[in-house]
Structures are given as C-alpha cells and as structure tokens.
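Engineer: One structure, as structure tokens, below. Some questions next.
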Amino acid sequence: MMPLRNLLYLLQLEEYDLKRFSDWLKNNPGCVVLEKKKHIDWTPKARILWALAHIFYVITLGNGPLAIKISSRFLSPIDILAKKFLVSLARFKINRMKNLTVIGITGSYGKTTTKDAISHVLIHKYKTLKTEGNYNTPLGVAKTILKNLKPEHEIFVCEMAAYQAGDIKAISKLIKPKIGIITAIGPMHLERFGSEENILKTKMELIESLPESGVGFLPKELEQKIKNFSIRSKIEFFSSKEDLLVKIGKIFDITQEEIFGYIKTAPQTLHRQQIIKTSAGITIIDDTYNSNPAGFLSALEMLKNTPAQRRILVTPGMIELGEKQFELNKEAAQSAAKIADYTIVVGETNKDAFTEGLKEVYGNDYISRVYEVLDLDAAKSKLSELTIPNSAILLENDLPDHYF
C-alpha cells in the first residue's frame with residue numbers, strides 16, 4: 001500500500017479532487033507516486049491534512065487511502081470557509097478601486113503567453129499588474145489581489161483557468177472585468193468537461209459577464225458559434241495574436257508601431273515554446289508546460305523552421321483528452337514523423353498511440369528513428385547519444401509524477 005506521504009502528494013497532484021484521486025488508485029493498483037519532478041507543496045492545507053491523516057490512519061487500522069479521504073472531507077468545510085473569506089476580502093479591496101480597468105483572459109490554451117504579451121505592452125504606459133504563475137483560480141486570483149494590487153495600479157490583467165462549469169463565472173464575479181479575451185477553444189481538459197461544447201460554454205462565462213460598456217475579444221473561428229449566448233458587451237474578432245494586440249492598443253491609445261517595438265523586447269514565457277541556445281550550438285525548444293493538439297502542431301512547425309542538421313522530438317504526448325486521446329496523439333505522431341529525424345517517446349501513457357502513428361510514416365525506418373524510454377532521465381541519456389552539433393530539440397510536454 002502506498003505510504004501516506006505519497007498519497008498526500010497524489011491528492012495534491014490531482015488538485016485535491018477526491019474523485020480523481022480515487023479513480024487513479026483504482027486504475028493503478030499497487031503503484032506508488034514518487035516525488036521525482038516536484039515535491040509536496042507544504043501549504044497550511046497540506047500540513048493540516050498531513051496531521052489529520054496520521055490520526056485517521058490509526059483509526060482506520062492503517063488504511064492510507066481511506067485516511068486521506070476522511071481527512072480531506074473532515075477539512076473541507078473549514079477549507080471552503082477560508083477560501084470564501086479570502087475571496088470576499090479580495091472582492092472588497094478590488095471593488096474600492098473605481099479607476100482600475102480589469103482585463104480577463106481565458107481559453108483552452110495560449111492564456112499565459114497572451115497575458116504576458118498584453119501586460120508587457122501596457123506596462124510601458126500604465127501601472128499594470130498581472131497574475132503570476134498558476135495563480136489563475138478564484139483563490140489564486142484573490143491572493144494576487146490581496147498581496148500585490150496597489151492603489152496606484154491602473155490595469156489588472158488576470159488569467160482565468162477552468163476545470164468545470166462555473167469556474168470562470170466565479171472569477172468574473174470577483175474581478176468584474178471590463179475587457180474579456182478568449183484565446184482559443186480546443187480539447188484541453190476534455191476528460192473533465194466531456195465535450196468541446198461544454199468547454200466553450202464555460203469560457204464564454206467571461207464574455208457573458210462583461211458590462212454593456214465592455215469589449216469581448218474572440219478568435220475569428222468562434223464567430224458562428226456564439227450566437228446563442230447572452231452577450232451585452234461589444235464583440236470583436238481577431239485572426240492572430242498580433243491582430244489582438246493592435247486592437248487592444250487602440251483601446252489604450254498605443255500605436256501599432258509602439259506595440260511592435262515593445263513586443264521585440266518582451267521576455268520569453270518560460271516553458272512555452274521558449275527558445276534556448278546552448279554553447280554547443282544546439283537549439284532547444286522548451287514547450288514542456290503542457291500540450292494540446294494545436295500547440296503541438298505549432299511547436300512542430302517551429303522545429304521544422306529551425307535551421308538544423310538534425311531535429312529531435314522528445315515527448316510523452318498529450319493528456320486529459322478523453323475519448324479522443326489515442327486518436328489525437330496518433331495524429332500528432334504522424335505530423336511529428338514528417339519533421340523530426342528522431343523521436344523519443346517518454347513513458348507508457350501515450351506510447352501505443354504515438355508508436356502507431358510514427359510507424360505509419362517512418363515505415364521500415366521506425367526501429368532506427370524511434371526510441372521508447374521509461375522516464376525523463378532515460379530520455380536525457382538517449383538525447384546525449386543522438387545530439388550532434390547544430391541539432392534542434394523540441395521538448396513537447398512533461399507529465400506530472402502520477403503519469404507513467
């Protein structure tokens with residue numbers, strides 16, 4: 001049976017979702033989640049759960065999973081009240097800032113890079129605050145407001161994440177955005193939402209929350225899909241990130257020339273198609289934060305357009321795609337095989353889908369061009385064998401420790 005510490009780590013990896021925690025244990029009997037890539041984040045919540053779990057471990061006669069579940073349910077009412085209290089404090093604080101313009105950004109992917117780009121442009125002319133890292137849930141946004149929002153701030157650029165219907169609505173109620181941006185709609189977290197229609201409905205909670213004086217920005221491909229939503233604000237459609245930045249610039253009296261000048265100086269967003277040049281003349285495209293079908297193809301295109309003598313892909317594939325996971329990973333593998341000279345498939349999660357797609361394109365060359373490895377350490381070892389001067393390496397996605 002898995003030790004208590006490892007069970008707590010698993011619960012944290014599943015974002016304290018007891019159903020997903022239970023499903024993982026059911027689907028992976030006898031497996032242990034090790035702290036390899038990350039470690040337990042010892043927040044006050046984690047510390048209290050750790051203490052409670054030891055008590056209930058004794059009461060349940062050493063049943064670790066049950067002890068963790070009981071502890072989580074025992075703490076849940078207090079946890080909910082604490083979160084509501086912090087969100088209420090944040091709402092009170094932000095509501096007092098009458099001259100603050102809030103820009104809400106959500107979407108299946110591209111949220112962080114869009115947030116960073118817009119913030120970098122606006123900060124040259126306005127006192128601008130943005131959410132940092134993964135602080136894109138109601139609690140994370142509330143913490144950002146309480147800790148970092150100052151009276152002198154004029155613009156707050158807020159990234160908004162969702163794992164279920166109502167999540168975006170809850171954040172919108174807190175921050176009251178005047179400008180709302182949906183970056184893209186795709187099958188990210190399809191396993192949680194059930195369908196892309198449900199994903200669209202959840203993301204559109206941002207646009208539906210905007211006031212009549214507000215403006216919503218949506219990708220052009222959504223133009224025919226939003227007719228049945230109740231929208232009060234003005235709506236504009238954009239065809240690219242650059243197009244969105246000119247449009248945003250007009251609202252804040254920033255010229256196109258200024259925008260392009262600012263963008264040239266923008267730092268790269270970490271682990272999102274981040275370009276790293278090594279002293280050995282090797283180009284690494286670090287796209288390990290997460291992956292989705294459109295983002296995977298975009299990263300492959302970047303690999304294709306990178307001048308190199310040898311191109312190598314390292315990937316565990318994409319997850320949380322529900323019933324489409326095998327098919328979408330197979331399609332990604334087929335696209336990859338047309339660009340990468342070598343592919344290193346990491347782990348077991350998507351191995352079958354990837355190898356099937358790669359075989360269809362590589363054909364007889366499959367054995368000499370594809371390597372299956374158990375983990376990231378093995379992938380690094382294989383990379384050192386395959387890499388030559390003037391190589392380009394795409395690191396596409398990196399799965400948490402509870403994926404094998």
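Going by the structure tokens order, chains are called A, B, ..., each with residues numbered from 1, while ligands are numbered from 1 in the order shown.
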Please provide as a PyMOL selection string all residues within 12 Å of Lys247 of chain A, with the sequence filter that same-chain residues fewer than 3 positions apart are discarded (counting only C-alpha atoms).

Structural biologist: chain A and resi 118+179+181+215-218+235-244+250-256+259

Engineer: Could you list, as a PyMOL selection string, every residue within 7 Å of Leu129 of chain A, counting only C-alpha atoms and ignoring same-chain residues fewer than 4 positions away?

Structural biologist: chain A and resi 149+153+155-157

Engineer: Please dump the current selection as a PDB file, in the first residue's frame; keep C-alpha atoms.

Structural biologist:
```pdb
ATOM      1  CA  LEU A 149      -2.752  45.020  -6.071  1.00  0.00           C
ATOM      2  CA  HIS A 153      -2.442  50.288 -10.343  1.00  0.00           C
ATOM      3  CA  ILE A 155      -4.801  47.942 -15.162  1.00  0.00           C
ATOM      4  CA  PHE A 156      -5.103  44.390 -13.851  1.00  0.00           C
ATOM      5  CA  VAL A 157      -4.506  41.619 -16.412  1.00  0.00           C
TER       6      VAL A 157
END
```

Engineer: Calculate how many Å separate atom CA of Val121 of chain A from atom CA of Leu100 of chain A, rounding to one decimal.

Structural biologist: 17.0 Å

Engineer: Can you list every residue of segment 190-281 of chain A that has an atom at most 10 Å from segment 306-326 of chain A, with its nearest atom pair and the distance in Å to one decimal, using only C-alpha atoms, ordered by chain then number, as a tab-separated table?

Structural biologist:
```
residue	atom	partner	partner_atom	distance
A:Leu190	CA	A:Leu321	CA	4.8
A:Glu191	CA	A:Gly322	CA	4.0
A:Arg192	CA	A:Glu320	CA	7.3
A:Phe193	CA	A:Gly322	CA	9.0
A:Gly194	CA	A:Gly322	CA	7.4
A:Ser195	CA	A:Gly322	CA	8.9
A:Gly281	CA	A:Ala308	CA	9.7
```

Engineer: How many Å lie between atom CA of Ile68 of chain A and atom CA of Leu25 of chain A, rounded to one decimal?

Structural biologist: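 That distance, rounded to one decimal, is 12.2 Å.
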
Engineer: Point out the residue among A:Lys351, A:Lys45, A:Pro400, A:Leu86 with the least atom-to-atom distance to Val33 of chain A, counting only C-alpha atoms.

Structural biologist: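 Closest candidate: A:Pro400.
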
Engineer: Just list as number ranges by chain whatever in segment 5-252 of chain A DSSP marks as helix (DSSP H, G or I).

Structural biologist: A: 5-13, 18-27, 44-59, 64-95, 111-122, 138-148, 167-175, 190-193, 196-208, 220-222, 241-251

Engineer: Write out as an MDAnalysis selection string the residues lying within 9 Å of segment 292-304 of chain A, counting only C-alpha atoms and excluding same-chain residues fewer than 4 positions away.

Structural biologist: chainID A and resid 108:110 186:188 273 285 287 308 311:313 317:319 321 328:329 331:332 335:336 339:340 392:394 396:397

Engineer: Take the residues just selected and output them with N, CA and C atoms as a PDB file, in the first residue's frame.

Structural biologist:
```pdb
ATOM      1  N   SER A 108      -8.645  27.675 -23.925  1.00  0.00           N
ATOM      2  CA  SER A 108      -8.129  26.322 -23.755  1.00  0.00           C
ATOM      3  C   SER A 108      -6.600  26.317 -23.709  1.00  0.00           C
ATOM      4  N   TYR A 109      -5.993  27.234 -24.417  1.00  0.00           N
ATOM      5  CA  TYR A 109      -4.540  27.367 -24.412  1.00  0.00           C
ATOM      6  C   TYR A 109      -4.181  28.778 -24.865  1.00  0.00           C
ATOM      7  N   GLY A 110      -2.927  29.162 -24.649  1.00  0.00           N
ATOM      8  CA  GLY A 110      -2.473  30.496 -25.046  1.00  0.00           C
ATOM      9  C   GLY A 110      -2.771  31.591 -24.046  1.00  0.00           C
ATOM     10  N   GLY A 186     -10.357  24.518 -27.590  1.00  0.00           N
ATOM     11  CA  GLY A 186      -9.874  23.230 -28.080  1.00  0.00           C
ATOM     12  C   GLY A 186     -10.104  22.159 -27.038  1.00  0.00           C
ATOM     13  N   PRO A 187      -9.624  20.946 -27.283  1.00  0.00           N
ATOM     14  CA  PRO A 187      -9.924  19.818 -26.390  1.00  0.00           C
ATOM     15  C   PRO A 187      -9.075  19.718 -25.133  1.00  0.00           C
ATOM     16  N   MET A 188      -8.475  20.803 -24.682  1.00  0.00           N
ATOM     17  CA  MET A 188      -7.742  20.764 -23.409  1.00  0.00           C
ATOM     18  C   MET A 188      -8.712  20.436 -22.269  1.00  0.00           C
ATOM     19  N   GLN A 273       7.162  27.165 -25.711  1.00  0.00           N
ATOM     20  CA  GLN A 273       7.914  27.380 -26.944  1.00  0.00           C
ATOM     21  C   GLN A 273       9.065  28.356 -26.703  1.00  0.00           C
ATOM     22  N   ILE A 285      13.856  23.875 -28.039  1.00  0.00           N
ATOM     23  CA  ILE A 285      12.531  24.500 -27.972  1.00  0.00           C
ATOM     24  C   ILE A 285      11.833  23.878 -26.772  1.00  0.00           C
ATOM     25  N   ASP A 287       8.869  23.430 -24.699  1.00  0.00           N
ATOM     26  CA  ASP A 287       7.410  23.581 -24.699  1.00  0.00           C
ATOM     27  C   ASP A 287       6.806  22.583 -23.707  1.00  0.00           C
ATOM     28  N   ALA A 308      18.751  23.405 -38.813  1.00  0.00           N
ATOM     29  CA  ALA A 308      19.421  22.376 -38.026  1.00  0.00           C
ATOM     30  C   ALA A 308      19.873  21.233 -38.920  1.00  0.00           C
ATOM     31  N   ARG A 311      17.008  17.075 -36.299  1.00  0.00           N
ATOM     32  CA  ARG A 311      15.859  17.510 -35.496  1.00  0.00           C
ATOM     33  C   ARG A 311      15.360  16.336 -34.655  1.00  0.00           C
ATOM     34  N   ILE A 312      15.194  16.600 -33.362  1.00  0.00           N
ATOM     35  CA  ILE A 312      14.808  15.541 -32.424  1.00  0.00           C
ATOM     36  C   ILE A 312      13.599  15.986 -31.609  1.00  0.00           C
ATOM     37  N   LEU A 313      12.613  15.105 -31.501  1.00  0.00           N
ATOM     38  CA  LEU A 313      11.431  15.366 -30.678  1.00  0.00           C
ATOM     39  C   LEU A 313      11.467  14.474 -29.445  1.00  0.00           C
ATOM     40  N   GLY A 317       3.576  12.864 -25.095  1.00  0.00           N
ATOM     41  CA  GLY A 317       2.253  13.037 -25.698  1.00  0.00           C
ATOM     42  C   GLY A 317       1.354  13.934 -24.868  1.00  0.00           C
ATOM     43  N   MET A 318       0.082  13.920 -25.205  1.00  0.00           N
ATOM     44  CA  MET A 318      -0.901  14.821 -24.590  1.00  0.00           C
ATOM     45  C   MET A 318      -1.871  14.034 -23.719  1.00  0.00           C
ATOM     46  N   ILE A 319      -2.358  14.686 -22.657  1.00  0.00           N
ATOM     47  CA  ILE A 319      -3.266  14.007 -21.733  1.00  0.00           C
ATOM     48  C   ILE A 319      -4.575  14.788 -21.569  1.00  0.00           C
ATOM     49  N   LEU A 321      -7.506  14.263 -22.730  1.00  0.00           N
ATOM     50  CA  LEU A 321      -8.248  14.465 -23.983  1.00  0.00           C
ATOM     51  C   LEU A 321      -9.426  13.506 -24.110  1.00  0.00           C
ATOM     52  N   LEU A 328      -5.907  11.682 -31.157  1.00  0.00           N
ATOM     53  CA  LEU A 328      -5.186  12.951 -31.282  1.00  0.00           C
ATOM     54  C   LEU A 328      -3.688  12.773 -31.103  1.00  0.00           C
ATOM     55  N   ASN A 329      -3.279  11.870 -30.232  1.00  0.00           N
ATOM     56  CA  ASN A 329      -1.849  11.596 -30.084  1.00  0.00           C
ATOM     57  C   ASN A 329      -1.293  10.890 -31.313  1.00  0.00           C
ATOM     58  N   GLU A 331      -2.395  11.261 -34.369  1.00  0.00           N
ATOM     59  CA  GLU A 331      -2.285  12.284 -35.412  1.00  0.00           C
ATOM     60  C   GLU A 331      -1.075  13.177 -35.181  1.00  0.00           C
ATOM     61  N   ALA A 332      -0.822  13.521 -33.923  1.00  0.00           N
ATOM     62  CA  ALA A 332       0.356  14.342 -33.600  1.00  0.00           C
ATOM     63  C   ALA A 332       1.634  13.593 -33.970  1.00  0.00           C
ATOM     64  N   SER A 335       2.249  13.746 -37.702  1.00  0.00           N
ATOM     65  CA  SER A 335       2.798  15.052 -38.079  1.00  0.00           C
ATOM     66  C   SER A 335       4.264  15.160 -37.669  1.00  0.00           C
ATOM     67  N   ALA A 336       4.575  14.644 -36.486  1.00  0.00           N
ATOM     68  CA  ALA A 336       5.945  14.721 -35.972  1.00  0.00           C
ATOM     69  C   ALA A 336       6.913  13.939 -36.847  1.00  0.00           C
ATOM     70  N   ILE A 339       8.628  15.629 -39.692  1.00  0.00           N
ATOM     71  CA  ILE A 339       9.533  16.738 -39.371  1.00  0.00           C
ATOM     72  C   ILE A 339      10.761  16.287 -38.603  1.00  0.00           C
ATOM     73  N   ALA A 340      10.568  15.433 -37.605  1.00  0.00           N
ATOM     74  CA  ALA A 340      11.674  15.018 -36.729  1.00  0.00           C
ATOM     75  C   ALA A 340      12.477  13.876 -37.345  1.00  0.00           C
ATOM     76  N   ALA A 392      18.512  20.554 -33.405  1.00  0.00           N
ATOM     77  CA  ALA A 392      17.362  21.262 -32.836  1.00  0.00           C
ATOM     78  C   ALA A 392      16.519  20.235 -32.097  1.00  0.00           C
ATOM     79  N   ILE A 393      16.196  20.541 -30.831  1.00  0.00           N
ATOM     80  CA  ILE A 393      15.462  19.596 -29.989  1.00  0.00           C
ATOM     81  C   ILE A 393      14.164  20.236 -29.523  1.00  0.00           C
ATOM     82  N   LEU A 394      13.056  19.553 -29.759  1.00  0.00           N
ATOM     83  CA  LEU A 394      11.760  20.009 -29.251  1.00  0.00           C
ATOM     84  C   LEU A 394      11.374  19.155 -28.054  1.00  0.00           C
ATOM     85  N   GLU A 396       8.412  18.553 -25.970  1.00  0.00           N
ATOM     86  CA  GLU A 396       6.975  18.822 -26.038  1.00  0.00           C
ATOM     87  C   GLU A 396       6.241  18.126 -24.905  1.00  0.00           C
ATOM     88  N   ASN A 397       5.868  18.923 -23.898  1.00  0.00           N
ATOM     89  CA  ASN A 397       5.114  18.479 -22.754  1.00  0.00           C
ATOM     90  C   ASN A 397       5.987  17.734 -21.742  1.00  0.00           C
TER      91      ASN A 397
END
```

Engineer: Could you tell me which of A:Ala51, A:Leu386, A:Leu139, A:Leu89 comes closest to Ile282 of chain A if we count only C-alpha atoms?

Structural biologist: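 Comparing A:Ala51, A:Leu386, A:Leu139, A:Leu89 against Ile282 of chain A, the winner is A:Leu386.
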
Engineer: Can you pull out the residues contacting Gly104 of chain A? Cut-off 8 Å, using only C-alpha atoms, and skip same-chain residues under 3 positions away; I want them as a list in words.

Structural biologist: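 Those residues are Val157, Cys158, Glu159, Met160, Ser172, Pro177, Lys178, Ile179, Gly180, Ile181 and Leu206 of chain A.
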
Engineer: Keeping N, CA and C atoms, export the residues of the selection given above as a short mmCIF file (atom, residue, chain, number, x, y, z; two decimals), in the first residue's frame.

Structural biologist:
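What follows is the written file again06.cif:
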```cif
data_model
loop_
_atom_site.label_atom_id
_atom_site.label_comp_id
_atom_site.auth_asym_id
_atom_site.auth_seq_id
_atom_site.Cartn_x
_atom_site.Cartn_y
_atom_site.Cartn_z
N VAL A 157 -4.36 42.64 -15.38
CA VAL A 157 -4.51 41.62 -16.41
C VAL A 157 -4.57 40.26 -15.72
N CYS A 158 -5.72 39.63 -15.81
CA CYS A 158 -6.00 38.45 -15.00
C CYS A 158 -6.21 37.20 -15.86
N GLU A 159 -5.33 36.22 -15.67
CA GLU A 159 -5.50 34.93 -16.33
C GLU A 159 -6.53 34.11 -15.55
N MET A 160 -7.44 33.44 -16.28
CA MET A 160 -8.55 32.73 -15.65
C MET A 160 -8.60 31.29 -16.14
N SER A 172 -14.98 35.90 -12.61
CA SER A 172 -15.54 37.14 -13.17
C SER A 172 -16.31 37.92 -12.12
N PRO A 177 -14.43 42.08 -14.83
CA PRO A 177 -13.64 42.56 -15.99
C PRO A 177 -14.45 43.48 -16.90
N LYS A 178 -13.75 44.43 -17.49
CA LYS A 178 -14.37 45.30 -18.50
C LYS A 178 -13.98 44.83 -19.90
N ILE A 179 -12.83 44.17 -19.99
CA ILE A 179 -12.37 43.60 -21.26
C ILE A 179 -12.18 42.10 -21.04
N GLY A 180 -12.74 41.30 -21.96
CA GLY A 180 -12.62 39.86 -21.85
C GLY A 180 -12.02 39.27 -23.11
N ILE A 181 -11.08 38.37 -22.96
CA ILE A 181 -10.41 37.76 -24.11
C ILE A 181 -10.48 36.24 -24.00
N LEU A 206 -16.95 34.28 -19.27
CA LEU A 206 -16.22 35.55 -19.20
C LEU A 206 -16.91 36.61 -20.04
#
```

Engineer: Enumerate as a list in words all residues of segment 263-332 of chain A assigned to strand (DSSP E) by DSSP on the backbone, naming them with the chain letters and numbers the document uses.

Structural biologist: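 These are the residues in question: Gln274, Ile275, Ile276, Lys277, Thr283, Ile284, Ile285, Asp286, Asp287, Arg310, Arg311, Ile312, Leu313, Val314 and Thr315 of chain A.
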
Engineer: Would you save the residues from that selection as a PDB file, in the first residue's frame, using C-alpha atoms?

Structural biologist:
```
ATOM      1  CA  GLN A 274      10.850  29.009 -25.184  1.00  0.00           C
ATOM      2  CA  ILE A 275      13.988  29.086 -27.338  1.00  0.00           C
ATOM      3  CA  ILE A 276      17.220  28.126 -25.575  1.00  0.00           C
ATOM      4  CA  LYS A 277      20.587  28.270 -27.368  1.00  0.00           C
ATOM      5  CA  THR A 283      18.748  24.871 -30.189  1.00  0.00           C
ATOM      6  CA  ILE A 284      16.220  23.672 -27.610  1.00  0.00           C
ATOM      7  CA  ILE A 285      12.531  24.500 -27.972  1.00  0.00           C
ATOM      8  CA  ASP A 286      11.167  24.131 -24.451  1.00  0.00           C
ATOM      9  CA  ASP A 287       7.410  23.581 -24.699  1.00  0.00           C
ATOM     10  CA  ARG A 310      19.340  17.069 -37.025  1.00  0.00           C
ATOM     11  CA  ARG A 311      15.859  17.510 -35.496  1.00  0.00           C
ATOM     12  CA  ILE A 312      14.808  15.541 -32.424  1.00  0.00           C
ATOM     13  CA  LEU A 313      11.431  15.366 -30.678  1.00  0.00           C
ATOM     14  CA  VAL A 314      11.078  14.330 -27.034  1.00  0.00           C
ATOM     15  CA  THR A 315       7.504  13.877 -25.795  1.00  0.00           C
TER      16      THR A 315
END
```

Engineer: Interatomic distance between atom CA of Lys264 of chain A and atom CA of Lys150 of chain A?

Structural biologist: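 Computing it gives 28.0 Å between the two atoms.
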
Engineer: When distances are computed from only C-alpha atoms, which of A:Leu61, A:Pro389, A:Pro267, A:Leu49 shows the smallest separation from Phe74 of chain A?

Structural biologist: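 Closest candidate: A:Leu49.
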
Engineer: For Arg91 of chain A, which residue out of A:Val141, A:Val58, A:Tyr163, A:Thr202 is the nearest one, using only C-alpha atoms?

Structural biologist: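 That would be A:Val141, the residue with the smallest distance to Arg91 of chain A.
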
Engineer: I want to know what sits within 12 Å of Tyr16 of chain A, based on only C-alpha atoms, with residues of the same chain fewer than 3 positions away left out; could you give that as a list in words?

Structural biologist: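 Residues near the query, excluding close chain neighbours: Leu7, Leu8, Tyr9, Leu10, Leu11, Gln12, Leu13, Lys19, Arg20, Phe21, Ser22, Lys45, Ala46, Leu49, Ile68, Lys69, Ser71, Ser72, Arg73, Leu75, Ser76 and Asp79 of chain A.
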
Engineer: Return the single residue from A:Ile168, A:Ile103, A:Ile185, A:Ala280 that is closest to Thr128 of chain A, with distances computed using only C-alpha atoms.

Structural biologist: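 The closest residue to Thr128 of chain A is A:Ile103.
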
Engineer: For a quick check of understanding, using only C-alpha atoms, which of A:Leu146, A:Ile78, A:Ile388, A:Leu122 has the smallest distance to Glu258 of chain A?

Structural biologist: A:Leu122
